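J.: My file is upload.txt. It has compact mmCIF, C-alpha atoms and all ligand atoms:
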# COMPACT_ATOMS: atom_id res chain seq x y z
CA MET A 1 -11.55 -21.73 -8.85
CA ASN A 2 -12.70 -24.59 -11.09
CA ALA A 3 -13.78 -27.96 -9.74
CA GLN A 4 -10.71 -29.80 -10.99
CA ARG A 5 -8.29 -27.32 -9.26
CA ARG A 6 -10.34 -27.48 -6.03
CA HIS A 7 -10.06 -31.25 -6.16
CA VAL A 8 -6.24 -31.12 -6.63
CA ILE A 9 -5.79 -28.69 -3.71
CA ALA A 10 -8.04 -30.77 -1.46
CA GLY A 11 -5.93 -33.81 -2.34
CA MET A 12 -2.69 -31.94 -1.52
CA ALA A 13 -4.10 -30.71 1.80
CA ALA A 14 -5.20 -34.21 2.76
CA ALA A 15 -1.75 -35.55 1.86
CA ALA A 16 -0.13 -32.77 3.90
CA MET A 17 -2.23 -33.54 6.96
CA ALA A 18 -1.55 -37.26 6.64
CA GLY A 19 2.17 -36.45 6.44
CA GLY A 20 1.98 -34.26 9.53
CA LEU A 21 2.56 -30.99 7.62
CA PRO A 22 0.62 -27.89 8.63
CA LEU A 23 -2.26 -27.16 6.28
CA GLY A 24 -0.95 -23.58 5.91
CA ALA A 25 2.07 -24.93 4.04
CA PHE A 26 -0.19 -25.47 1.04
CA ALA A 27 -2.78 -22.82 1.68
CA GLN A 28 -0.23 -19.96 1.56
CA LYS A 29 2.90 -19.81 -0.53
CA LYS A 30 5.72 -17.87 1.17
CA VAL A 31 6.73 -14.57 -0.38
CA VAL A 32 10.25 -14.90 -1.81
CA LEU A 33 12.73 -12.02 -1.59
CA GLY A 34 16.07 -12.07 -3.39
CA PHE A 35 18.58 -9.82 -1.66
CA SER A 36 22.02 -8.95 -3.00
CA GLN A 37 24.29 -7.60 -0.27
CA ILE A 38 27.50 -5.68 -1.00
CA GLY A 39 29.76 -7.76 1.23
CA ALA A 40 31.02 -7.74 4.81
CA GLU A 41 33.42 -4.81 4.61
CA SER A 42 32.45 -3.11 7.87
CA GLU A 43 30.81 -3.50 11.29
CA TRP A 44 27.92 -1.51 9.78
CA ARG A 45 27.46 -4.00 6.93
CA THR A 46 27.45 -7.00 9.29
CA ALA A 47 24.72 -5.35 11.36
CA ASN A 48 22.76 -4.61 8.19
CA THR A 49 22.94 -8.25 7.04
CA GLU A 50 21.87 -9.46 10.45
CA SER A 51 18.93 -7.04 10.47
CA ILE A 52 17.74 -8.27 7.06
CA LYS A 53 18.10 -11.97 7.89
CA SER A 54 16.34 -11.76 11.24
CA ALA A 55 13.52 -9.53 9.93
CA ALA A 56 12.88 -11.97 7.05
CA LYS A 57 12.48 -14.79 9.60
CA GLU A 58 10.15 -12.73 11.78
CA HIS A 59 7.96 -11.78 8.82
CA GLY A 60 7.85 -15.33 7.41
CA ILE A 61 9.50 -14.22 4.15
CA GLU A 62 11.74 -16.66 2.29
CA LEU A 63 15.06 -14.89 1.82
CA LYS A 64 17.50 -15.76 -0.95
CA PHE A 65 20.62 -13.96 0.25
CA SER A 66 23.71 -13.39 -1.86
CA ASP A 67 27.02 -11.76 -0.77
CA ALA A 68 28.77 -9.94 -3.63
CA GLN A 69 32.14 -9.50 -1.91
CA GLN A 70 32.26 -5.83 -2.89
CA LYS A 71 32.02 -6.61 -6.63
CA GLN A 72 29.37 -5.12 -8.91
CA GLU A 73 29.66 -8.04 -11.37
CA ASN A 74 28.65 -10.43 -8.55
CA GLN A 75 25.62 -8.29 -7.73
CA ILE A 76 24.54 -8.29 -11.38
CA LYS A 77 24.92 -12.09 -11.50
CA ALA A 78 22.86 -12.45 -8.30
CA ILE A 79 20.08 -10.24 -9.65
CA ARG A 80 19.98 -12.25 -12.89
CA SER A 81 19.76 -15.45 -10.89
CA PHE A 82 16.87 -14.02 -8.82
CA ILE A 83 15.09 -13.16 -12.08
CA ALA A 84 15.64 -16.70 -13.38
CA GLN A 85 14.25 -18.12 -10.13
CA ARG A 86 11.17 -15.87 -10.46
CA VAL A 87 11.40 -14.42 -6.94
CA ASP A 88 8.54 -12.11 -5.91
CA VAL A 89 10.70 -9.07 -5.07
CA ILE A 90 14.37 -8.18 -5.56
CA ALA A 91 16.21 -5.85 -3.16
CA PHE A 92 19.83 -4.83 -3.19
CA SER A 93 22.36 -2.42 -1.78
CA PRO A 94 24.30 -1.25 -4.85
CA VAL A 95 28.06 -1.20 -4.30
CA VAL A 96 28.49 1.69 -6.77
CA GLU A 97 25.98 4.13 -8.28
CA SER A 98 26.38 3.57 -12.02
CA GLY A 99 26.11 0.61 -14.40
CA TRP A 100 22.73 -0.84 -13.35
CA GLU A 101 20.51 0.10 -16.32
CA THR A 102 20.66 -3.21 -18.23
CA VAL A 103 20.02 -5.59 -15.34
CA LEU A 104 17.28 -3.38 -13.89
CA ARG A 105 15.57 -3.34 -17.28
CA GLU A 106 15.70 -7.14 -17.27
CA ALA A 107 14.00 -7.21 -13.84
CA LYS A 108 11.34 -4.78 -15.04
CA ALA A 109 10.70 -6.86 -18.18
CA ALA A 110 10.22 -9.90 -15.90
CA LYS A 111 7.75 -7.81 -13.84
CA ILE A 112 9.76 -8.23 -10.63
CA PRO A 113 9.77 -5.07 -8.50
CA VAL A 114 13.16 -3.85 -7.25
CA ILE A 115 13.74 -2.08 -3.92
CA LEU A 116 17.01 -0.25 -3.27
CA THR A 117 18.26 -0.39 0.29
CA ASP A 118 20.96 1.77 1.86
CA ARG A 119 22.52 3.08 -1.38
CA ALA A 120 21.09 4.72 -4.50
CA VAL A 121 21.69 4.03 -8.19
CA ASN A 122 22.28 6.55 -10.91
CA VAL A 123 19.91 5.58 -13.75
CA LYS A 124 17.99 7.82 -16.15
CA ASP A 125 14.75 5.90 -15.81
CA ASP A 126 13.45 6.04 -12.23
CA SER A 127 10.73 3.51 -13.00
CA LEU A 128 13.42 0.79 -12.92
CA TRP A 129 13.12 0.67 -9.12
CA VAL A 130 10.06 1.09 -6.94
CA SER A 131 11.49 2.49 -3.71
CA PHE A 132 14.77 3.55 -2.12
CA MET A 133 15.08 3.24 1.65
CA GLY A 134 18.08 4.41 3.62
CA SER A 135 20.07 7.33 4.94
CA ASP A 136 20.61 10.77 3.51
CA PHE A 137 24.38 10.58 2.92
CA LEU A 138 24.62 14.20 1.81
CA GLU A 139 23.14 15.32 5.11
CA GLU A 140 25.54 13.03 7.00
CA GLY A 141 28.46 14.80 5.31
CA ARG A 142 26.92 18.16 6.21
CA LYS A 143 26.49 17.11 9.84
CA ALA A 144 30.18 16.17 9.99
CA GLY A 145 31.11 19.53 8.44
CA ARG A 146 28.87 21.52 10.80
CA TRP A 147 30.32 19.77 13.84
CA LEU A 148 33.87 20.60 12.70
CA THR A 149 33.25 24.25 11.81
CA GLU A 150 31.58 24.78 15.19
CA LYS A 151 34.36 23.02 17.10
CA MET A 152 37.08 25.01 15.32
CA LYS A 153 35.30 28.34 15.02
CA ASP A 154 37.87 30.12 17.24
CA VAL A 155 40.94 28.56 15.65
CA LYS A 156 43.11 31.13 13.89
CA GLY A 157 45.12 29.99 10.87
CA GLU A 158 44.67 27.04 8.57
CA VAL A 159 43.01 23.77 9.59
CA HIS A 160 44.54 20.89 7.64
CA ILE A 161 42.14 18.02 6.99
CA VAL A 162 42.86 14.55 5.63
CA GLU A 163 39.94 12.57 4.27
CA LEU A 164 39.44 8.81 4.09
CA GLN A 165 36.83 8.24 1.41
CA GLY A 166 34.56 5.22 1.10
CA THR A 167 34.46 2.90 -1.92
CA VAL A 168 35.14 4.81 -5.15
CA GLY A 169 31.92 5.48 -7.06
CA SER A 170 29.64 4.51 -4.16
CA ALA A 171 26.76 6.78 -3.16
CA PRO A 172 27.98 7.30 0.44
CA ALA A 173 31.52 8.20 -0.68
CA ILE A 174 30.24 10.68 -3.26
CA ASP A 175 27.62 12.31 -1.04
CA ARG A 176 29.54 12.35 2.25
CA LYS A 177 32.39 14.14 0.50
CA ARG A 178 30.06 16.60 -1.19
CA GLY A 179 28.03 17.38 1.96
CA PHE A 180 31.16 17.95 4.07
CA GLU A 181 32.79 20.20 1.45
CA GLU A 182 29.60 22.19 1.04
CA ILE A 183 29.82 23.24 4.70
CA ILE A 184 33.55 23.77 5.19
CA LYS A 185 33.97 25.84 2.03
CA ALA A 186 32.21 28.74 3.82
CA ASP A 187 35.49 29.32 5.69
CA PRO A 188 38.71 29.21 3.62
CA LYS A 189 40.81 28.29 6.66
CA PHE A 190 39.54 24.68 6.27
CA LYS A 191 41.73 22.88 3.75
CA ILE A 192 41.53 19.25 2.65
CA ILE A 193 45.21 18.50 2.09
CA ARG A 194 44.89 14.77 1.26
CA SER A 195 41.91 12.66 0.21
CA GLN A 196 42.02 8.99 -0.74
CA THR A 197 39.82 5.92 -0.62
CA GLY A 198 40.09 3.43 2.24
CA ASP A 199 37.29 1.32 0.71
CA PHE A 200 35.27 1.42 3.97
CA THR A 201 37.58 -1.15 5.63
CA ARG A 202 39.75 -0.99 8.78
CA ALA A 203 42.79 -2.44 7.05
CA LYS A 204 42.69 0.09 4.21
CA GLY A 205 41.89 2.94 6.61
CA LYS A 206 45.05 2.13 8.56
CA GLU A 207 47.19 1.74 5.45
CA VAL A 208 46.09 5.04 3.88
CA MET A 209 46.41 6.93 7.18
CA GLU A 210 49.99 5.65 7.48
CA ALA A 211 50.68 7.13 4.05
CA PHE A 212 49.03 10.45 5.03
CA LEU A 213 51.15 10.62 8.18
CA LYS A 214 54.29 9.83 6.27
CA ALA A 215 53.60 12.58 3.75
CA GLU A 216 52.20 15.28 6.05
CA GLY A 217 53.24 14.30 9.61
CA LYS A 218 52.29 16.81 12.30
CA LYS A 219 50.73 19.14 9.74
CA ILE A 220 47.50 17.09 10.00
CA ASN A 221 44.92 18.68 12.33
CA VAL A 222 41.77 16.74 11.39
CA LEU A 223 40.83 13.33 10.01
CA TYR A 224 37.43 13.02 8.32
CA ALA A 225 36.66 9.31 7.70
CA HIS A 226 33.58 8.30 5.69
CA ASN A 227 32.96 5.43 8.12
CA ASP A 228 33.87 4.26 11.62
CA ASP A 229 35.86 1.22 10.48
CA MET A 230 38.32 3.35 8.52
CA ALA A 231 38.58 5.75 11.48
CA ILE A 232 39.34 2.84 13.82
CA GLY A 233 42.06 1.58 11.46
CA ALA A 234 43.47 5.12 11.21
CA ILE A 235 43.52 5.48 15.02
CA GLN A 236 45.95 2.55 15.14
CA ALA A 237 48.17 4.24 12.55
CA ILE A 238 48.10 7.52 14.50
CA GLU A 239 49.09 5.78 17.75
CA GLU A 240 51.85 3.85 16.01
CA ALA A 241 53.16 7.19 14.73
CA GLY A 242 53.46 8.34 18.35
CA LEU A 243 50.53 10.79 18.17
CA LYS A 244 47.39 10.97 20.30
CA PRO A 245 44.14 10.37 18.38
CA ALA A 246 41.34 12.84 19.17
CA LYS A 247 43.89 15.19 20.76
CA ASP A 248 46.75 15.77 18.30
CA ILE A 249 44.36 14.97 15.46
CA VAL A 250 40.62 15.62 15.71
CA ILE A 251 38.74 12.62 14.31
CA ILE A 252 35.26 12.66 12.76
CA SER A 253 33.59 9.58 11.31
CA ILE A 254 30.23 8.21 10.23
CA ASP A 255 28.02 5.20 11.17
CA ALA A 256 27.86 5.26 15.02
CA VAL A 257 28.59 1.54 15.39
CA LYS A 258 29.48 0.15 18.84
CA GLY A 259 33.19 0.12 17.92
CA ALA A 260 33.03 3.90 17.47
CA PHE A 261 31.43 4.34 20.89
CA GLU A 262 34.19 2.23 22.44
CA ALA A 263 36.79 4.41 20.73
CA MET A 264 35.04 7.57 21.98
CA MET A 265 34.85 6.22 25.52
CA ALA A 266 38.58 5.51 25.33
CA GLY A 267 39.10 9.15 24.30
CA LYS A 268 40.33 8.28 20.79
CA LEU A 269 37.51 9.47 18.52
CA ASN A 270 35.82 12.88 18.76
CA VAL A 271 32.49 12.34 17.07
CA THR A 272 30.45 9.93 14.94
CA VAL A 273 27.49 10.77 12.72
CA GLU A 274 24.74 8.16 12.81
CA CYS A 275 23.90 6.01 9.77
CA SER A 276 21.51 3.24 10.74
CA PRO A 277 21.97 -0.25 9.23
CA LEU A 278 18.75 -1.58 10.81
CA LEU A 279 16.75 -1.59 7.60
CA GLY A 280 15.45 -5.17 7.82
CA PRO A 281 12.02 -4.59 9.40
CA GLN A 282 11.27 -1.68 7.04
CA LEU A 283 12.31 -3.75 4.02
CA MET A 284 10.14 -6.74 4.96
CA GLN A 285 7.15 -4.47 5.52
CA ALA A 286 7.73 -2.95 2.08
CA VAL A 287 7.90 -6.42 0.49
CA LYS A 288 4.58 -7.36 2.11
CA ASP A 289 3.02 -4.07 1.04
CA LEU A 290 4.10 -4.67 -2.54
CA LYS A 291 2.60 -8.16 -2.50
CA ALA A 292 -0.63 -6.65 -1.14
CA GLY A 293 -0.73 -4.38 -4.19
CA LYS A 294 0.17 -1.17 -2.34
CA THR A 295 2.34 1.56 -3.85
CA LEU A 296 5.49 2.29 -1.86
CA PRO A 297 6.84 5.79 -1.27
CA LYS A 298 9.63 6.39 -3.78
CA ARG A 299 12.01 7.51 -0.99
CA ILE A 300 12.02 6.39 2.65
CA VAL A 301 14.64 8.34 4.65
CA THR A 302 16.06 7.02 7.92
CA GLU A 303 16.06 9.39 10.91
CA GLU A 304 19.54 9.78 12.40
CA GLY A 305 21.55 11.74 14.97
CA ILE A 306 25.13 12.69 15.79
CA PHE A 307 27.13 11.57 18.86
CA PRO A 308 30.13 13.48 20.18
CA MET A 309 32.52 11.74 22.62
CA GLU A 310 31.03 13.63 25.59
CA VAL A 311 27.77 11.63 25.34
CA ALA A 312 29.31 8.25 24.37
CA ALA A 313 29.21 6.56 27.79
CA LYS A 314 25.58 7.55 28.33
CA GLU A 315 24.44 6.47 24.85
CA PHE A 316 26.46 3.25 24.59
CA PRO A 317 24.06 0.98 26.54
CA LYS A 318 21.23 2.03 24.18
CA ARG A 319 23.09 1.17 20.99
CA LYS A 320 21.64 -1.73 18.99
CA TYR A 321 24.51 -2.15 16.52
O1 LIG B 401 26.39 2.39 2.64
C1 LIG B 401 26.63 2.57 3.97
C2 LIG B 401 28.09 2.48 4.25
O2 LIG B 401 28.59 1.24 3.81
C3 LIG B 401 28.50 2.55 5.71
O3 LIG B 401 28.78 3.82 6.16
C4 LIG B 401 29.75 1.76 5.67
O4 LIG B 401 30.28 1.46 6.92
C5 LIG B 401 29.33 0.64 4.83
O5 LIG B 401 30.26 -0.27 4.50
Produce structure tokens that represent the structure in this file.

T.:
Amino acid sequence: MNAQRRHVIAGMAAAAMAGGLPLGAFAQKKVVLGFSQIGAESEWRTANTESIKSAAKEHGIELKFSDAQQKQENQIKAIRSFIAQRVDVIAFSPVVESGWETVLREAKAAKIPVILTDRAVNVKDDSLWVSFMGSDFLEEGRKAGRWLTEKMKDVKGEVHIVELQGTVGSAPAIDRKRGFEEIIKADPKFKIIRSQTGDFTRAKGKEVMEAFLKAEGKKINVLYAHNDDMAIGAIQAIEEAGLKPAKDIVIISIDAVKGAFEAMMAGKLNVTVECSPLLGPQLMQAVKDLKAGKTLPKRIVTEEGIFPMEVAAKEFPKRKY
């Protein structure tokens, strides 16, 4: 450091102390993270946002948080604004898989590293992002399929499944469908008779389930919902149709949020596959590691389980989201 710069910093520190500010305020500039969240479409997403905000506080990282309200164009705008503000790191949970190439190239040209959380992107050049942390959605779909094939292994005749898909084009909707189908196709008695998006929301889950019930009625044996919120919405539709959820229709969903445990304890949901939203601490550690010049693992997979209704009451007190 040259003498003139040392003199300026000493002056700033003296001014800070005279003004009652901690000396550290000048000695260390806070790391700035720009985070673009998808929205607030589900109980899962709210827990994810909370995890990121509280972890940023704990780690002393300045968080610039932007809610995209489920729109890719808003996420792209947010990322561009983070680039313009010269944040240290950008992280985001991409609402859909495709269409990110241009903005990610802009971040790379500005030398701002990008971390993907929760959902992946589909880009040809993997160097456009440094790390992807989150669940293995394909495996979640497989877990749901394995649970169903085991539960129904002695059933003779066809098993009619209706499927509530997540947001069209999103990584969890694509992979959860694929993983589930991969398992059930081993036995031709399992048939998906209707499959439509419920956009990961309760309201849409209810609306689409009403339509399924109207079209197929008592023919439906199983509901596979790509998240708990849609399953909870669908449970309302099933009850309003005079049927018993988890008895007349077997219900499988994904996330393992508290709402799903409450539904299982009430005997209305058969099983939920875990997908943890608590990515905040891991993300903040990764941001610090990047600033310290470390290389992050390209993929960080979250460890997760599966909870059938029989264990719900015992597990519920341990649930953090
Ligand atoms: O990307 C994770 C999925 O997004 C969760 O399963 C769902 O609830 C959320 O909205």

J.: So that I can check the surroundings of Gly141 of chain A, please list as a VMD selection string every protein, DNA and RNA residue that reaches within 6 Å of it, counting only C-alpha atoms and ignoring chain neighbours fewer than 6 positions away.

T.: chain A and resid 176 179 to 180

J.: May I have the residues from that selection written out with C-alpha atoms, as an mmCIF file, in the frame of the given file?

T.:
data_model
loop_
_atom_site.group_PDB
_atom_site.id
_atom_site.type_symbol
_atom_site.label_atom_id
_atom_site.label_comp_id
_atom_site.auth_asym_id
_atom_site.auth_seq_id
_atom_site.Cartn_x
_atom_site.Cartn_y
_atom_site.Cartn_z
ATOM 1 C CA ARG A 176 29.540 12.350 2.250
ATOM 2 C CA GLY A 179 28.030 17.380 1.960
ATOM 3 C CA PHE A 180 31.160 17.950 4.070
#

J.: With all atoms listed in the file as the basis for distance, which of A:Arg202, A:Lys314, A:Arg146, A:Lys108 is at the shortest distance from ligand LIG 401 (chain B)?

T.: A:Arg202

J.: Please return, as a list in words, all polymer residues that have at least one atom within 9 Å of the point (18.3, 3.2, 3.7); use all atoms listed in the file and the file's own coordinate frame.

T.: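 Final list of nearby residues, as requested, is Ser93, Leu116, Thr117, Asp118, Arg119, Ala120, Phe132, Met133, Gly134, Ser135, Asp136, Cys275, Ser276, Pro277, Leu278, Leu279, Arg299, Ile300, Val301 and Thr302 of chain A.
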
J.: Mind giving me the straight-line distance from atom CA of Ser195 of chain A to atom CA of Gln165 of chain A in Å, one decimal?

T.: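 Those two atoms sit 6.8 Å apart.
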
J.: Pick out the closest residue to Ala246 of chain A from this set: A:Ala263, A:Ala231, A:Glu210, A:Leu269. Count all atoms listed in the file.

T.: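 So, comparing all the options, the nearest one is A:Leu269.
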
J.: Would you compute an axis-aligned box for ligand LIG 401 (chain B), covering every atom listed for it in the file with 6 Å of margin on each side, and report centre and edge lengths in Å to one decimal as JSON?

T.:
{"center_x": 28.3, "center_y": 1.8, "center_z": 4.8, "size_x": 15.9, "size_y": 16.1, "size_z": 16.3}

J.: For the atom pair atom CA of Leu104 of chain A and atom CA of Pro281 of chain A, what is the interatomic distance in Å to one decimal place?

T.: 23.9 Å

J.: Rounded to one decimal in Å, what is the spacing between atom CA of Ala55 of chain A and atom CA of Leu283 of chain A?

T.: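 Taking atom CA of Ala55 of chain A as the start and atom CA of Leu283 of chain A as the end point, the length is 8.4 Å.
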
J.: Set out as JSON lines a contact list for chain A and ligand LIG 401 (chain B) with a cut-off of 10 Å, giving each residue of chain A that qualifies its closest atom pair and distance in Å to one decimal, counting only C-alpha atoms and all ligand atoms, ordered by chain and rising residue number.

T.:
{"residue": "A:Ile38", "atom": "CA", "partner": "B:LIG401", "partner_atom": "O5", "distance": 8.2}
{"residue": "A:Gly39", "atom": "CA", "partner": "B:LIG401", "partner_atom": "O5", "distance": 8.2}
{"residue": "A:Ala40", "atom": "CA", "partner": "B:LIG401", "partner_atom": "O5", "distance": 7.5}
{"residue": "A:Glu41", "atom": "CA", "partner": "B:LIG401", "partner_atom": "O5", "distance": 5.5}
{"residue": "A:Ser42", "atom": "CA", "partner": "B:LIG401", "partner_atom": "O5", "distance": 4.9}
{"residue": "A:Glu43", "atom": "CA", "partner": "B:LIG401", "partner_atom": "O4", "distance": 6.6}
{"residue": "A:Trp44", "atom": "CA", "partner": "B:LIG401", "partner_atom": "O4", "distance": 4.8}
{"residue": "A:Arg45", "atom": "CA", "partner": "B:LIG401", "partner_atom": "O5", "distance": 5.3}
{"residue": "A:Thr46", "atom": "CA", "partner": "B:LIG401", "partner_atom": "O5", "distance": 8.7}
{"residue": "A:Ala47", "atom": "CA", "partner": "B:LIG401", "partner_atom": "O4", "distance": 9.8}
{"residue": "A:Asn48", "atom": "CA", "partner": "B:LIG401", "partner_atom": "C5", "distance": 9.1}
{"residue": "A:Gln70", "atom": "CA", "partner": "B:LIG401", "partner_atom": "O5", "distance": 9.5}
{"residue": "A:Ser93", "atom": "CA", "partner": "B:LIG401", "partner_atom": "O1", "distance": 7.7}
{"residue": "A:Pro94", "atom": "CA", "partner": "B:LIG401", "partner_atom": "O1", "distance": 8.6}
{"residue": "A:Val95", "atom": "CA", "partner": "B:LIG401", "partner_atom": "O1", "distance": 8.0}
{"residue": "A:Val96", "atom": "CA", "partner": "B:LIG401", "partner_atom": "O1", "distance": 9.7}
{"residue": "A:Thr117", "atom": "CA", "partner": "B:LIG401", "partner_atom": "O1", "distance": 8.9}
{"residue": "A:Asp118", "atom": "CA", "partner": "B:LIG401", "partner_atom": "O1", "distance": 5.5}
{"residue": "A:Arg119", "atom": "CA", "partner": "B:LIG401", "partner_atom": "O1", "distance": 5.6}
{"residue": "A:Ala120", "atom": "CA", "partner": "B:LIG401", "partner_atom": "O1", "distance": 9.2}
{"residue": "A:Gly134", "atom": "CA", "partner": "B:LIG401", "partner_atom": "O1", "distance": 8.6}
{"residue": "A:Ser135", "atom": "CA", "partner": "B:LIG401", "partner_atom": "C1", "distance": 8.2}
{"residue": "A:Phe137", "atom": "CA", "partner": "B:LIG401", "partner_atom": "C1", "distance": 8.4}
{"residue": "A:Glu140", "atom": "CA", "partner": "B:LIG401", "partner_atom": "O3", "distance": 9.8}
{"residue": "A:Gly166", "atom": "CA", "partner": "B:LIG401", "partner_atom": "C4", "distance": 7.5}
{"residue": "A:Thr167", "atom": "CA", "partner": "B:LIG401", "partner_atom": "O5", "distance": 8.3}
{"residue": "A:Ser170", "atom": "CA", "partner": "B:LIG401", "partner_atom": "O1", "distance": 7.8}
{"residue": "A:Ala171", "atom": "CA", "partner": "B:LIG401", "partner_atom": "O1", "distance": 7.3}
{"residue": "A:Pro172", "atom": "CA", "partner": "B:LIG401", "partner_atom": "O1", "distance": 5.6}
{"residue": "A:Ala173", "atom": "CA", "partner": "B:LIG401", "partner_atom": "C2", "distance": 8.3}
{"residue": "A:Arg176", "atom": "CA", "partner": "B:LIG401", "partner_atom": "O3", "distance": 9.4}
{"residue": "A:Asp199", "atom": "CA", "partner": "B:LIG401", "partner_atom": "O5", "distance": 8.1}
{"residue": "A:Phe200", "atom": "CA", "partner": "B:LIG401", "partner_atom": "O5", "distance": 5.3}
{"residue": "A:Thr201", "atom": "CA", "partner": "B:LIG401", "partner_atom": "O5", "distance": 7.5}
{"residue": "A:Arg202", "atom": "CA", "partner": "B:LIG401", "partner_atom": "O4", "distance": 10.0}
{"residue": "A:Ala225", "atom": "CA", "partner": "B:LIG401", "partner_atom": "O3", "distance": 9.7}
{"residue": "A:His226", "atom": "CA", "partner": "B:LIG401", "partner_atom": "O3", "distance": 6.6}
{"residue": "A:Asn227", "atom": "CA", "partner": "B:LIG401", "partner_atom": "O3", "distance": 4.9}
{"residue": "A:Asp228", "atom": "CA", "partner": "B:LIG401", "partner_atom": "O4", "distance": 6.5}
{"residue": "A:Asp229", "atom": "CA", "partner": "B:LIG401", "partner_atom": "O4", "distance": 6.6}
{"residue": "A:Met230", "atom": "CA", "partner": "B:LIG401", "partner_atom": "O4", "distance": 8.4}
{"residue": "A:Ser253", "atom": "CA", "partner": "B:LIG401", "partner_atom": "O3", "distance": 9.1}
{"residue": "A:Ile254", "atom": "CA", "partner": "B:LIG401", "partner_atom": "O3", "distance": 6.2}
{"residue": "A:Asp255", "atom": "CA", "partner": "B:LIG401", "partner_atom": "O3", "distance": 5.3}
{"residue": "A:Ala256", "atom": "CA", "partner": "B:LIG401", "partner_atom": "O3", "distance": 9.0}
{"residue": "A:Val257", "atom": "CA", "partner": "B:LIG401", "partner_atom": "O4", "distance": 8.6}
{"residue": "A:Val273", "atom": "CA", "partner": "B:LIG401", "partner_atom": "O3", "distance": 9.6}
{"residue": "A:Glu274", "atom": "CA", "partner": "B:LIG401", "partner_atom": "O3", "distance": 8.9}
{"residue": "A:Cys275", "atom": "CA", "partner": "B:LIG401", "partner_atom": "O3", "distance": 6.5}
{"residue": "A:Ser276", "atom": "CA", "partner": "B:LIG401", "partner_atom": "C1", "distance": 8.5}
{"residue": "A:Pro277", "atom": "CA", "partner": "B:LIG401", "partner_atom": "C1", "distance": 7.6}

J.: Using C-alpha atoms, can you write the selected residues to a file as a tab-separated table (two decimals), keeping the file's coordinate frame?

T.:
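Output (part05.tsv):
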chain	number	residue	atom	x	y	z
A	38	ILE	CA	27.50	-5.68	-1.00
A	39	GLY	CA	29.76	-7.76	1.23
A	40	ALA	CA	31.02	-7.74	4.81
A	41	GLU	CA	33.42	-4.81	4.61
A	42	SER	CA	32.45	-3.11	7.87
A	43	GLU	CA	30.81	-3.50	11.29
A	44	TRP	CA	27.92	-1.51	9.78
A	45	ARG	CA	27.46	-4.00	6.93
A	46	THR	CA	27.45	-7.00	9.29
A	47	ALA	CA	24.72	-5.35	11.36
A	48	ASN	CA	22.76	-4.61	8.19
A	70	GLN	CA	32.26	-5.83	-2.89
A	93	SER	CA	22.36	-2.42	-1.78
A	94	PRO	CA	24.30	-1.25	-4.85
A	95	VAL	CA	28.06	-1.20	-4.30
A	96	VAL	CA	28.49	1.69	-6.77
A	117	THR	CA	18.26	-0.39	0.29
A	118	ASP	CA	20.96	1.77	1.86
A	119	ARG	CA	22.52	3.08	-1.38
A	120	ALA	CA	21.09	4.72	-4.50
A	134	GLY	CA	18.08	4.41	3.62
A	135	SER	CA	20.07	7.33	4.94
A	137	PHE	CA	24.38	10.58	2.92
A	140	GLU	CA	25.54	13.03	7.00
A	166	GLY	CA	34.56	5.22	1.10
A	167	THR	CA	34.46	2.90	-1.92
A	170	SER	CA	29.64	4.51	-4.16
A	171	ALA	CA	26.76	6.78	-3.16
A	172	PRO	CA	27.98	7.30	0.44
A	173	ALA	CA	31.52	8.20	-0.68
A	176	ARG	CA	29.54	12.35	2.25
A	199	ASP	CA	37.29	1.32	0.71
A	200	PHE	CA	35.27	1.42	3.97
A	201	THR	CA	37.58	-1.15	5.63
A	202	ARG	CA	39.75	-0.99	8.78
A	225	ALA	CA	36.66	9.31	7.70
A	226	HIS	CA	33.58	8.30	5.69
A	227	ASN	CA	32.96	5.43	8.12
A	228	ASP	CA	33.87	4.26	11.62
A	229	ASP	CA	35.86	1.22	10.48
A	230	MET	CA	38.32	3.35	8.52
A	253	SER	CA	33.59	9.58	11.31
A	254	ILE	CA	30.23	8.21	10.23
A	255	ASP	CA	28.02	5.20	11.17
A	256	ALA	CA	27.86	5.26	15.02
A	257	VAL	CA	28.59	1.54	15.39
A	273	VAL	CA	27.49	10.77	12.72
A	274	GLU	CA	24.74	8.16	12.81
A	275	CYS	CA	23.90	6.01	9.77
A	276	SER	CA	21.51	3.24	10.74
A	277	PRO	CA	21.97	-0.25	9.23

J.: Go through A:Lys298, A:Lys318, A:Lys291, A:Lys153 one by one, measure the shortest atom-to-atom distance of each to Ile112 of chain A using only C-alpha atoms, and give the residue with the smallest value.

T.: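 Under the stated criterion, the closest residue is A:Lys291.
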
J.: With distances taken over all atoms listed in the file, which residue among A:Asp154, A:Asp88, A:Glu163, A:Glu101 lies nearest Arg194 of chain A?

T.: A:Glu163

J.: Place a sphere of radius 12 Å on (51.7, 14.6, 4.6) in the file coordinates and name every protein, DNA or RNA residue with an atom inside or on its surface, counting all atoms listed in the file; give the answer as a CSV table (one decimal) with C-alpha atoms, keeping the file's coordinate frame.

T.:
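Here's the written file out-v2.csv:
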chain,number,residue,atom,x,y,z
A,160,HIS,CA,44.5,20.9,7.6
A,161,ILE,CA,42.1,18.0,7.0
A,162,VAL,CA,42.9,14.6,5.6
A,163,GLU,CA,39.9,12.6,4.3
A,192,ILE,CA,41.5,19.2,2.6
A,193,ILE,CA,45.2,18.5,2.1
A,194,ARG,CA,44.9,14.8,1.3
A,195,SER,CA,41.9,12.7,0.2
A,208,VAL,CA,46.1,5.0,3.9
A,209,MET,CA,46.4,6.9,7.2
A,210,GLU,CA,50.0,5.6,7.5
A,211,ALA,CA,50.7,7.1,4.0
A,212,PHE,CA,49.0,10.4,5.0
A,213,LEU,CA,51.2,10.6,8.2
A,214,LYS,CA,54.3,9.8,6.3
A,215,ALA,CA,53.6,12.6,3.8
A,216,GLU,CA,52.2,15.3,6.0
A,217,GLY,CA,53.2,14.3,9.6
A,218,LYS,CA,52.3,16.8,12.3
A,219,LYS,CA,50.7,19.1,9.7
A,220,ILE,CA,47.5,17.1,10.0
A,221,ASN,CA,44.9,18.7,12.3
